[in-house]
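Notes for the one structure printed next.
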There are 2 protein chains.
Amino acid sequence: MGSVHRRVSERGWEGVAAEAYADPELAGVEKHELIGPADGAAAYRVRYFRVPVGGRTALERHAHDHGVVIEHGRARVTLGDERHELGPGDVVYVAGNELHCFEALGDEPLGFVCVAPPRESGGDIAS
Amino acid sequence: MGSVHRRVSERGWEGVAAEAYADPELAGVEKHELIGPADGAAAYRVRYFRVPVGGRTALERHAHDHGVVIEHGRARVTLGDERHELGPGDVVYVAGNELHCFEALGDEPLGFVCVAPPRESGGDIAS
């Protein structure tokens, strides 16, 4: 059976717990796993990330890829050796082993949906 | 290498072609494959569907699952034998072989992001 997670606030969904990061450089960054193993989804995970004003996600590379849709705010996106300034509705594909970082620009938080393969196929918990 | 698809209009992205459906019951429904094999993405596809006022997607079931995030508009969602009225930010997981349909309610088009596994694992072109 499928499931529904209603958005109940700007940063909250029914049945979805927000996760934070221990790294002080990522203070205030929240990850919400909207769809994943808890729903029975075995093929991919759908997450929402909220980056506070002035914040950023980890600058990192790893074997698994990401599919990203910007939901709100402005982003400076590092993608390999490129940088892009993006906004709502813009789409980013981060290939496997490609350096990437999402930084909030301006005076509002950055929110984006980020799809990743299941953890079993090379993902880690943090990203 | 990854890729960026900037949103250039309410219903258009750079480097992404809109697809329509031959079925007259699905007139006006557009599918945009935002991320997929054309980007080198092998593990999942990220699509955006736009359903016109008064329209709906196919009422169907199939082996592959869907992960959906409502972007704009109001939806009446059929999920198995349940119906849910949902709006922006709400999330739906459609399990494999579960009956589903997304219908636009009210006077604005419905838009949603829909993740699916690659076609090779049981998906078809239409959904």
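Each chain of the structure tokens is named A, B, ... in the order shown, its residues numbered from 1; ligands are numbered from 1 in display order.
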Residue neighbourhood range 56-63 of chain B, 12 Å, only C-alpha atoms, exclusion window fewer than 5 positions, as JSON, numbers by chain: {"B": [20, 21, 22, 23, 24, 25, 26, 27, 28, 29, 30, 31, 49, 50, 51, 74, 75, 76, 77, 78, 79, 80, 94, 95, 96, 97, 98, 99, 100, 101, 102, 103, 104, 105, 109, 110, 111, 112, 116, 117, 119, 120, 121, 122, 123, 124, 125, 126, 127]}
In chain B, what's helix (DSSP H, G or I) per DSSP? Answer as a list in words?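 Helix (DSSP H, G or I) assignments inside chain B correspond to Pro24, Glu25, Leu26, Pro37, Ala38, Asp39, Arg119, Glu120 and Ser121 of chain B.
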Same residues, C-alpha atoms, saved as a compact mmCIF listing (two decimals), in the first residue's frame:
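Written output follows (result.txt):
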# COMPACT_ATOMS: atom_id res chain seq x y z
CA PRO B 24 -8.37 12.01 -25.64
CA GLU B 25 -9.31 11.46 -21.98
CA LEU B 26 -5.85 12.79 -21.11
CA PRO B 37 18.62 8.64 -19.31
CA ALA B 38 19.36 11.75 -21.39
CA ASP B 39 21.25 13.09 -18.35
CA ARG B 119 11.96 2.06 -17.77
CA GLU B 120 13.99 -1.13 -17.83
CA SER B 121 12.70 -2.21 -14.44
Please, which residues in chain A fall within 6 Å of chain B when counting only C-alpha atoms, and what is the closest atom pair and distance in Å to one decimal for each, ordered by chain then residue number, as CSV?
residue,atom,partner,partner_atom,distance
A:Met1,CA,B:Ala95,CA,5.6
A:Gly2,CA,B:Val94,CA,4.7
A:Ser3,CA,B:Tyr93,CA,5.1
A:Val4,CA,B:Val92,CA,4.5
A:His5,CA,B:Val91,CA,5.0
A:Arg6,CA,B:Asp90,CA,4.5
A:Arg7,CA,B:Asp90,CA,5.0
A:Gly89,CA,B:Arg7,CA,5.5
A:Asp90,CA,B:Arg6,CA,4.5
A:Val91,CA,B:His5,CA,5.0
A:Val92,CA,B:Val4,CA,4.5
A:Tyr93,CA,B:Gly2,CA,5.0
A:Val94,CA,B:Gly2,CA,4.7
A:Ala95,CA,B:Gly2,CA,4.7
Return as an mmCIF file with N, CA, C and O atoms, in the first residue's frame the full set of residues in range 28-107 of chain A whose backbone-based DSSP assignment is strand (DSSP E or B).
data_model
loop_
_atom_site.group_PDB
_atom_site.id
_atom_site.type_symbol
_atom_site.label_atom_id
_atom_site.label_comp_id
_atom_site.auth_asym_id
_atom_site.auth_seq_id
_atom_site.Cartn_x
_atom_site.Cartn_y
_atom_site.Cartn_z
ATOM 1 N N GLU A 30 18.387 20.982 7.396
ATOM 2 C CA GLU A 30 17.452 19.906 7.757
ATOM 3 C C GLU A 30 17.234 18.998 6.566
ATOM 4 O O GLU A 30 17.083 19.472 5.437
ATOM 5 N N LYS A 31 17.182 17.697 6.838
ATOM 6 C CA LYS A 31 16.817 16.714 5.817
ATOM 7 C C LYS A 31 15.543 16.006 6.252
ATOM 8 O O LYS A 31 15.440 15.570 7.399
ATOM 9 N N HIS A 32 14.591 15.919 5.325
ATOM 10 C CA HIS A 32 13.324 15.223 5.578
ATOM 11 C C HIS A 32 13.213 14.106 4.531
ATOM 12 O O HIS A 32 13.163 14.417 3.327
ATOM 13 N N GLU A 33 13.198 12.877 4.969
ATOM 14 C CA GLU A 33 13.057 11.787 3.986
ATOM 15 C C GLU A 33 11.568 11.582 3.710
ATOM 16 O O GLU A 33 10.865 10.904 4.448
ATOM 17 N N LEU A 34 11.104 12.205 2.637
ATOM 18 C CA LEU A 34 9.669 12.214 2.326
ATOM 19 C C LEU A 34 9.194 10.834 1.896
ATOM 20 O O LEU A 34 8.080 10.422 2.228
ATOM 21 N N ILE A 35 10.003 10.159 1.111
ATOM 22 C CA ILE A 35 9.657 8.816 0.626
ATOM 23 C C ILE A 35 10.926 7.968 0.702
ATOM 24 O O ILE A 35 11.995 8.391 0.245
ATOM 25 N N ARG A 45 14.971 7.135 -3.026
ATOM 26 C CA ARG A 45 14.529 7.925 -1.874
ATOM 27 C C ARG A 45 14.246 9.337 -2.364
ATOM 28 O O ARG A 45 14.984 9.860 -3.209
ATOM 29 N N VAL A 46 13.204 9.954 -1.837
ATOM 30 C CA VAL A 46 12.867 11.347 -2.161
ATOM 31 C C VAL A 46 13.004 12.140 -0.873
ATOM 32 O O VAL A 46 12.311 11.866 0.110
ATOM 33 N N ARG A 47 13.906 13.092 -0.860
ATOM 34 C CA ARG A 47 14.167 13.872 0.332
ATOM 35 C C ARG A 47 13.913 15.359 0.059
ATOM 36 O O ARG A 47 14.007 15.817 -1.081
ATOM 37 N N TYR A 48 13.602 16.101 1.122
ATOM 38 C CA TYR A 48 13.518 17.558 1.046
ATOM 39 C C TYR A 48 14.603 18.113 1.960
ATOM 40 O O TYR A 48 14.699 17.709 3.119
ATOM 41 N N PHE A 49 15.406 19.020 1.429
ATOM 42 C CA PHE A 49 16.432 19.690 2.214
ATOM 43 C C PHE A 49 16.050 21.149 2.390
ATOM 44 O O PHE A 49 15.602 21.797 1.443
ATOM 45 N N ARG A 50 16.253 21.619 3.613
ATOM 46 C CA ARG A 50 16.050 23.041 3.912
ATOM 47 C C ARG A 50 17.373 23.593 4.423
ATOM 48 O O ARG A 50 17.925 23.095 5.414
ATOM 49 N N VAL A 51 17.874 24.610 3.723
ATOM 50 C CA VAL A 51 19.152 25.221 4.064
ATOM 51 C C VAL A 51 18.860 26.622 4.582
ATOM 52 O O VAL A 51 18.213 27.412 3.889
ATOM 53 N N ARG A 56 24.742 26.205 3.862
ATOM 54 C CA ARG A 56 25.054 25.385 2.685
ATOM 55 C C ARG A 56 25.022 23.913 3.080
ATOM 56 O O ARG A 56 25.152 23.563 4.257
ATOM 57 N N GLU A 60 30.811 17.905 -1.325
ATOM 58 C CA GLU A 60 31.208 16.495 -1.285
ATOM 59 C C GLU A 60 31.023 15.834 -2.648
ATOM 60 O O GLU A 60 30.390 16.395 -3.545
ATOM 61 N N HIS A 66 22.347 12.322 -7.720
ATOM 62 C CA HIS A 66 21.217 13.054 -7.142
ATOM 63 C C HIS A 66 20.398 13.700 -8.272
ATOM 64 O O HIS A 66 20.969 14.240 -9.226
ATOM 65 N N GLY A 67 19.105 13.705 -8.090
ATOM 66 C CA GLY A 67 18.213 14.478 -8.946
ATOM 67 C C GLY A 67 17.538 15.536 -8.100
ATOM 68 O O GLY A 67 16.850 15.202 -7.131
ATOM 69 N N VAL A 68 17.739 16.813 -8.452
ATOM 70 C CA VAL A 68 17.322 17.912 -7.581
ATOM 71 C C VAL A 68 16.354 18.850 -8.304
ATOM 72 O O VAL A 68 16.577 19.217 -9.469
ATOM 73 N N VAL A 69 15.301 19.256 -7.612
ATOM 74 C CA VAL A 69 14.387 20.303 -8.076
ATOM 75 C C VAL A 69 14.334 21.373 -6.989
ATOM 76 O O VAL A 69 13.963 21.085 -5.849
ATOM 77 N N ILE A 70 14.711 22.608 -7.351
ATOM 78 C CA ILE A 70 14.668 23.706 -6.380
ATOM 79 C C ILE A 70 13.208 24.075 -6.124
ATOM 80 O O ILE A 70 12.436 24.287 -7.059
ATOM 81 N N GLU A 71 12.849 24.160 -4.834
ATOM 82 C CA GLU A 71 11.463 24.469 -4.464
ATOM 83 C C GLU A 71 11.267 25.944 -4.103
ATOM 84 O O GLU A 71 10.263 26.548 -4.463
ATOM 85 N N HIS A 72 12.189 26.509 -3.331
ATOM 86 C CA HIS A 72 12.066 27.922 -2.956
ATOM 87 C C HIS A 72 13.437 28.465 -2.607
ATOM 88 O O HIS A 72 14.363 27.717 -2.296
ATOM 89 N N ARG A 74 16.935 30.989 -3.366
ATOM 90 C CA ARG A 74 17.951 31.065 -4.424
ATOM 91 C C ARG A 74 19.133 30.199 -4.009
ATOM 92 O O ARG A 74 19.464 30.117 -2.816
ATOM 93 N N ALA A 75 19.783 29.580 -4.987
ATOM 94 C CA ALA A 75 20.877 28.660 -4.706
ATOM 95 C C ALA A 75 22.096 28.996 -5.533
ATOM 96 O O ALA A 75 21.984 29.300 -6.724
ATOM 97 N N ARG A 76 23.268 28.929 -4.909
ATOM 98 C CA ARG A 76 24.513 28.832 -5.666
ATOM 99 C C ARG A 76 24.903 27.366 -5.629
ATOM 100 O O ARG A 76 25.138 26.812 -4.555
ATOM 101 N N VAL A 77 24.917 26.765 -6.819
ATOM 102 C CA VAL A 77 25.150 25.322 -6.900
ATOM 103 C C VAL A 77 26.538 25.067 -7.478
ATOM 104 O O VAL A 77 26.868 25.558 -8.571
ATOM 105 N N THR A 78 27.334 24.332 -6.742
ATOM 106 C CA THR A 78 28.616 23.837 -7.265
ATOM 107 C C THR A 78 28.352 22.481 -7.892
ATOM 108 O O THR A 78 27.773 21.589 -7.253
ATOM 109 N N LEU A 79 28.772 22.347 -9.139
ATOM 110 C CA LEU A 79 28.572 21.100 -9.881
ATOM 111 C C LEU A 79 29.872 20.851 -10.648
ATOM 112 O O LEU A 79 30.127 21.488 -11.675
ATOM 113 N N GLU A 82 31.890 23.793 -12.176
ATOM 114 C CA GLU A 82 30.975 24.869 -12.570
ATOM 115 C C GLU A 82 30.238 25.410 -11.337
ATOM 116 O O GLU A 82 30.061 24.715 -10.345
ATOM 117 N N ARG A 83 29.770 26.656 -11.474
ATOM 118 C CA ARG A 83 28.868 27.224 -10.479
ATOM 119 C C ARG A 83 27.655 27.793 -11.195
ATOM 120 O O ARG A 83 27.807 28.424 -12.257
ATOM 121 N N HIS A 84 26.498 27.571 -10.648
ATOM 122 C CA HIS A 84 25.247 28.038 -11.239
ATOM 123 C C HIS A 84 24.433 28.733 -10.162
ATOM 124 O O HIS A 84 24.343 28.232 -9.044
ATOM 125 N N GLU A 85 23.822 29.853 -10.529
ATOM 126 C CA GLU A 85 22.871 30.486 -9.608
ATOM 127 C C GLU A 85 21.471 30.115 -10.079
ATOM 128 O O GLU A 85 21.087 30.408 -11.216
ATOM 129 N N LEU A 86 20.725 29.453 -9.219
ATOM 130 C CA LEU A 86 19.449 28.871 -9.623
ATOM 131 C C LEU A 86 18.337 29.267 -8.664
ATOM 132 O O LEU A 86 18.584 29.730 -7.547
ATOM 133 N N VAL A 91 16.315 22.682 -12.213
ATOM 134 C CA VAL A 91 16.590 21.257 -12.020
ATOM 135 C C VAL A 91 18.091 20.999 -12.167
ATOM 136 O O VAL A 91 18.738 21.562 -13.052
ATOM 137 N N VAL A 92 18.633 20.165 -11.292
ATOM 138 C CA VAL A 92 20.057 19.808 -11.339
ATOM 139 C C VAL A 92 20.186 18.293 -11.286
ATOM 140 O O VAL A 92 19.582 17.641 -10.421
ATOM 141 N N TYR A 93 20.990 17.749 -12.182
ATOM 142 C CA TYR A 93 21.379 16.351 -12.059
ATOM 143 C C TYR A 93 22.840 16.318 -11.638
ATOM 144 O O TYR A 93 23.709 16.851 -12.330
ATOM 145 N N VAL A 94 23.100 15.715 -10.484
ATOM 146 C CA VAL A 94 24.465 15.546 -9.978
ATOM 147 C C VAL A 94 24.876 14.106 -10.293
ATOM 148 O O VAL A 94 24.293 13.161 -9.750
ATOM 149 N N HIS A 100 29.716 18.471 -5.451
ATOM 150 C CA HIS A 100 28.504 19.285 -5.436
ATOM 151 C C HIS A 100 28.282 19.930 -4.074
ATOM 152 O O HIS A 100 28.709 19.409 -3.043
ATOM 153 N N CYS A 101 27.606 21.074 -4.109
ATOM 154 C CA CYS A 101 27.237 21.808 -2.904
ATOM 155 C C CYS A 101 26.086 22.739 -3.256
ATOM 156 O O CYS A 101 26.051 23.306 -4.358
ATOM 157 N N PHE A 102 25.138 22.895 -2.333
ATOM 158 C CA PHE A 102 24.000 23.784 -2.512
ATOM 159 C C PHE A 102 24.034 24.828 -1.401
ATOM 160 O O PHE A 102 23.925 24.490 -0.226
ATOM 161 N N GLU A 103 24.200 26.079 -1.808
ATOM 162 C CA GLU A 103 24.359 27.174 -0.850
ATOM 163 C C GLU A 103 23.159 28.115 -0.971
ATOM 164 O O GLU A 103 22.738 28.467 -2.077
ATOM 165 N N ALA A 104 22.602 28.529 0.160
ATOM 166 C CA ALA A 104 21.464 29.456 0.150
ATOM 167 C C ALA A 104 21.962 30.872 -0.116
ATOM 168 O O ALA A 104 22.838 31.364 0.600
ATOM 169 N N LEU A 105 21.407 31.516 -1.112
ATOM 170 C CA LEU A 105 21.732 32.910 -1.415
ATOM 171 C C LEU A 105 20.578 33.799 -0.976
ATOM 172 O O LEU A 105 19.426 33.363 -0.957
#
